[in-house]
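Peer 1: Sharing a structure, written as structure tokens. Questions coming.
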Amino acid sequence: MNQIPPWQRLLAVLFYLLPWSDALPFGSALISVFPWLIWLQLPALPLLLLQQSVPFGSFVLFLVLYLAVVRNPKVPNYLRFNALQAILIDILLQLLALGFRVLLSPLGDSIVLRTLNNTIFIGCLAVLIYALLQCSRGKEADLPTISEAVRMQL
């Protein structure tokens, strides 16, 4: 197997900041209980600022990643794989956030909603830590359904 250069590993790790920036709102209840968790927001702050300062910042970032990285055959496959996997995780989080706003908003601030939010936050944190560890080792993070969908698209 070819050795992945360090610059590709670093870029692959940075791709996963996109889903992390969208997972942070799910952890607001958990962060209010454990204030030291606010430090987990630091890596995503530049991305959050970009998304909020540019109109449709998330969508623009998605298009740039998708068109410039995923669909560009000149970009190494390792980067394309990780970029598309991060995009798919981000889309899943966006759909969950939309579903929560539409379907679960009548629950208000109930214990059920906080539990679901915390579960999604911790699950996303676990998935991203796994992906970051694999990227830093130069390997592809094999997430059961998402990785299969990525391989079908590439």
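Every chain in the structure tokens has a letter given in the order shown (A, B, ...), and although residue numbers restart at 1 in each chain, ligands are simply numbered from 1 in the order shown.
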Sorted by chain and rising residue number, which residues of region 66-149 of chain A lie within 9 Å of region 6-17 of chain A, and what are their closest atom pairs and distances in Å to one decimal, counting only C-alpha atoms, as a tab-separated table?

Peer 2:
residue	atom	partner	partner_atom	distance
A:Pro76	CA	A:Gln8	CA	8.4
A:Tyr78	CA	A:Gln8	CA	7.7
A:Leu79	CA	A:Ala12	CA	5.8
A:Arg80	CA	A:Ala12	CA	8.7
A:Phe81	CA	A:Ala12	CA	8.8
A:Asn82	CA	A:Ala12	CA	5.7
A:Ala83	CA	A:Phe15	CA	5.6
A:Leu84	CA	A:Phe15	CA	8.9
A:Gln85	CA	A:Tyr16	CA	8.5
A:Ala86	CA	A:Tyr16	CA	5.3
A:Ile87	CA	A:Phe15	CA	8.3
A:Ile89	CA	A:Tyr16	CA	8.8
A:Asp90	CA	A:Tyr16	CA	8.8
A:Leu128	CA	A:Tyr16	CA	6.9
A:Ala131	CA	A:Val13	CA	7.8
A:Leu132	CA	A:Val13	CA	5.5
A:Leu133	CA	A:Val13	CA	8.6
A:Cys135	CA	A:Arg9	CA	5.5
A:Ser136	CA	A:Arg9	CA	5.6
A:Arg137	CA	A:Arg9	CA	7.7
A:Gly138	CA	A:Arg9	CA	6.0
A:Lys139	CA	A:Arg9	CA	8.8

Peer 1: Using N, CA, C and O atoms, can you export the residues from the last selection as a tab-separated table (two decimals), in the first residue's frame?

Peer 2:
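Result written to part32.tsv:
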chain	number	residue	atom	x	y	z
A	76	PRO	N	-5.90	13.38	-5.31
A	76	PRO	CA	-5.68	11.98	-4.90
A	76	PRO	C	-6.95	11.35	-4.33
A	76	PRO	O	-7.76	12.02	-3.68
A	78	TYR	N	-7.42	9.38	-1.89
A	78	TYR	CA	-7.51	9.44	-0.43
A	78	TYR	C	-8.24	10.71	0.01
A	78	TYR	O	-9.11	10.67	0.88
A	79	LEU	N	-7.91	11.84	-0.58
A	79	LEU	CA	-8.55	13.11	-0.24
A	79	LEU	C	-10.00	13.12	-0.72
A	79	LEU	O	-10.89	13.62	-0.01
A	80	ARG	N	-10.24	12.60	-1.91
A	80	ARG	CA	-11.60	12.57	-2.44
A	80	ARG	C	-12.50	11.72	-1.54
A	80	ARG	O	-13.64	12.08	-1.25
A	81	PHE	N	-11.99	10.56	-1.10
A	81	PHE	CA	-12.75	9.67	-0.23
A	81	PHE	C	-13.13	10.37	1.07
A	81	PHE	O	-14.29	10.37	1.48
A	82	ASN	N	-12.15	10.98	1.74
A	82	ASN	CA	-12.41	11.62	3.02
A	82	ASN	C	-13.30	12.85	2.88
A	82	ASN	O	-14.13	13.12	3.75
A	83	ALA	N	-13.13	13.60	1.80
A	83	ALA	CA	-13.98	14.78	1.59
A	83	ALA	C	-15.44	14.35	1.40
A	83	ALA	O	-16.35	14.94	2.00
A	84	LEU	N	-15.66	13.34	0.58
A	84	LEU	CA	-17.03	12.90	0.35
A	84	LEU	C	-17.63	12.26	1.59
A	84	LEU	O	-18.82	12.45	1.89
A	85	GLN	N	-16.83	11.55	2.35
A	85	GLN	CA	-17.34	10.96	3.59
A	85	GLN	C	-17.73	12.06	4.58
A	85	GLN	O	-18.77	11.97	5.24
A	86	ALA	N	-16.91	13.09	4.69
A	86	ALA	CA	-17.25	14.21	5.57
A	86	ALA	C	-18.52	14.91	5.09
A	86	ALA	O	-19.36	15.31	5.90
A	87	ILE	N	-18.67	15.05	3.78
A	87	ILE	CA	-19.87	15.68	3.23
A	87	ILE	C	-21.11	14.85	3.54
A	87	ILE	O	-22.15	15.39	3.93
A	89	ILE	N	-21.55	12.73	6.05
A	89	ILE	CA	-21.84	12.85	7.48
A	89	ILE	C	-22.52	14.19	7.75
A	89	ILE	O	-23.48	14.27	8.52
A	90	ASP	N	-22.04	15.24	7.09
A	90	ASP	CA	-22.62	16.57	7.26
A	90	ASP	C	-24.07	16.61	6.77
A	90	ASP	O	-24.94	17.18	7.43
A	128	LEU	N	-16.21	11.00	14.53
A	128	LEU	CA	-15.18	11.92	14.05
A	128	LEU	C	-13.83	11.64	14.68
A	128	LEU	O	-12.80	11.76	14.01
A	131	ALA	N	-12.52	8.77	12.72
A	131	ALA	CA	-12.09	9.20	11.39
A	131	ALA	C	-10.79	10.00	11.47
A	131	ALA	O	-9.90	9.82	10.64
A	132	LEU	N	-10.66	10.86	12.47
A	132	LEU	CA	-9.45	11.65	12.63
A	132	LEU	C	-8.24	10.77	12.95
A	132	LEU	O	-7.14	10.99	12.43
A	133	LEU	N	-8.43	9.77	13.79
A	133	LEU	CA	-7.34	8.85	14.10
A	133	LEU	C	-6.92	8.06	12.87
A	133	LEU	O	-5.72	7.89	12.61
A	135	CYS	N	-7.32	8.98	9.72
A	135	CYS	CA	-6.68	9.90	8.78
A	135	CYS	C	-5.25	10.23	9.21
A	135	CYS	O	-4.36	10.32	8.37
A	136	SER	N	-5.04	10.40	10.50
A	136	SER	CA	-3.69	10.71	10.96
A	136	SER	C	-2.76	9.52	10.77
A	136	SER	O	-1.55	9.71	10.65
A	137	ARG	N	-3.30	8.32	10.70
A	137	ARG	CA	-2.49	7.13	10.41
A	137	ARG	C	-2.33	6.89	8.92
A	137	ARG	O	-1.59	6.00	8.51
A	138	GLY	N	-3.06	7.66	8.11
A	138	GLY	CA	-2.97	7.49	6.67
A	138	GLY	C	-3.86	6.40	6.12
A	138	GLY	O	-3.65	5.89	5.03
A	139	LYS	N	-4.89	6.05	6.86
A	139	LYS	CA	-5.83	5.01	6.43
A	139	LYS	C	-7.21	5.61	6.24
A	139	LYS	O	-7.52	6.68	6.75

Peer 1: Name all residues at most 10 Å from Tyr130 (chain A) (count only C-alpha atoms; drop same-chain ones fewer than 5 positions away) and give them as a PDB file with all heavy atoms, in the first residue's frame.

Peer 2:
ATOM      1  N   CYS A 124     -21.609  11.509  17.093  1.00  0.00           N
ATOM      2  CA  CYS A 124     -20.849  12.208  16.066  1.00  0.00           C
ATOM      3  C   CYS A 124     -19.415  12.433  16.527  1.00  0.00           C
ATOM      4  O   CYS A 124     -18.472  12.291  15.744  1.00  0.00           O
ATOM      5  CB  CYS A 124     -21.525  13.525  15.717  1.00  0.00           C
ATOM      6  SG  CYS A 124     -20.752  14.342  14.318  1.00  0.00           S
ATOM      7  N   LEU A 125     -19.237  12.772  17.790  1.00  0.00           N
ATOM      8  CA  LEU A 125     -17.886  12.946  18.328  1.00  0.00           C
ATOM      9  C   LEU A 125     -17.089  11.653  18.222  1.00  0.00           C
ATOM     10  O   LEU A 125     -15.923  11.667  17.815  1.00  0.00           O
ATOM     11  CB  LEU A 125     -17.962  13.423  19.785  1.00  0.00           C
ATOM     12  CG  LEU A 125     -16.640  13.637  20.506  1.00  0.00           C
ATOM     13  CD1 LEU A 125     -15.827  14.725  19.819  1.00  0.00           C
ATOM     14  CD2 LEU A 125     -16.890  13.984  21.968  1.00  0.00           C
ATOM     15  N   CYS A 135      -7.315   8.979   9.724  1.00  0.00           N
ATOM     16  CA  CYS A 135      -6.676   9.904   8.783  1.00  0.00           C
ATOM     17  C   CYS A 135      -5.254  10.228   9.209  1.00  0.00           C
ATOM     18  O   CYS A 135      -4.363  10.324   8.371  1.00  0.00           O
ATOM     19  CB  CYS A 135      -7.474  11.206   8.670  1.00  0.00           C
ATOM     20  SG  CYS A 135      -8.994  11.024   7.751  1.00  0.00           S
ATOM     21  N   SER A 136      -5.043  10.399  10.497  1.00  0.00           N
ATOM     22  CA  SER A 136      -3.692  10.711  10.962  1.00  0.00           C
ATOM     23  C   SER A 136      -2.755   9.522  10.770  1.00  0.00           C
ATOM     24  O   SER A 136      -1.548   9.708  10.652  1.00  0.00           O
ATOM     25  CB  SER A 136      -3.713  11.154  12.421  1.00  0.00           C
ATOM     26  OG  SER A 136      -4.127  10.100  13.246  1.00  0.00           O
ATOM     27  N   ALA A 141     -11.050   5.821   6.973  1.00  0.00           N
ATOM     28  CA  ALA A 141     -11.966   5.475   8.065  1.00  0.00           C
ATOM     29  C   ALA A 141     -13.130   4.689   7.467  1.00  0.00           C
ATOM     30  O   ALA A 141     -13.870   5.205   6.641  1.00  0.00           O
ATOM     31  CB  ALA A 141     -12.462   6.737   8.751  1.00  0.00           C
ATOM     32  N   ASP A 142     -13.264   3.454   7.877  1.00  0.00           N
ATOM     33  CA  ASP A 142     -14.306   2.596   7.321  1.00  0.00           C
ATOM     34  C   ASP A 142     -15.546   2.661   8.210  1.00  0.00           C
ATOM     35  O   ASP A 142     -15.639   1.973   9.212  1.00  0.00           O
ATOM     36  CB  ASP A 142     -13.786   1.166   7.214  1.00  0.00           C
ATOM     37  CG  ASP A 142     -14.698   0.276   6.410  1.00  0.00           C
ATOM     38  OD1 ASP A 142     -15.502   0.822   5.622  1.00  0.00           O
ATOM     39  OD2 ASP A 142     -14.615  -0.957   6.548  1.00  0.00           O
ATOM     40  N   LEU A 143     -16.481   3.524   7.833  1.00  0.00           N
ATOM     41  CA  LEU A 143     -17.755   3.651   8.528  1.00  0.00           C
ATOM     42  C   LEU A 143     -18.776   2.826   7.751  1.00  0.00           C
ATOM     43  O   LEU A 143     -18.931   3.015   6.551  1.00  0.00           O
ATOM     44  CB  LEU A 143     -18.179   5.117   8.598  1.00  0.00           C
ATOM     45  CG  LEU A 143     -17.166   6.047   9.260  1.00  0.00           C
ATOM     46  CD1 LEU A 143     -17.578   7.485   9.099  1.00  0.00           C
ATOM     47  CD2 LEU A 143     -17.002   5.693  10.722  1.00  0.00           C
TER      48      LEU A 143
END

Peer 1: Could you pull the residues within 12 Å of Phe100 (chain A), counting only C-alpha atoms, minus those fewer than 6 positions along the same chain, as number ranges by chain?

Peer 2: A: 25-26, 93-94, 106-109, 112-114, 116-117, 120

Peer 1: Just the number, please: distance in Å from CA of Phe34 (chain A) to CA of Arg101 (chain A), one decimal.

Peer 2: 24.1 Å

Peer 1: Please extract the residues of chain A with a backbone DSSP assignment of helix (DSSP H, G or I) and present them as a ChimeraX atom specification.

Peer 2: /A:6-15,17-33,35-53,57-70,77-103,105-107,111-137,144-153
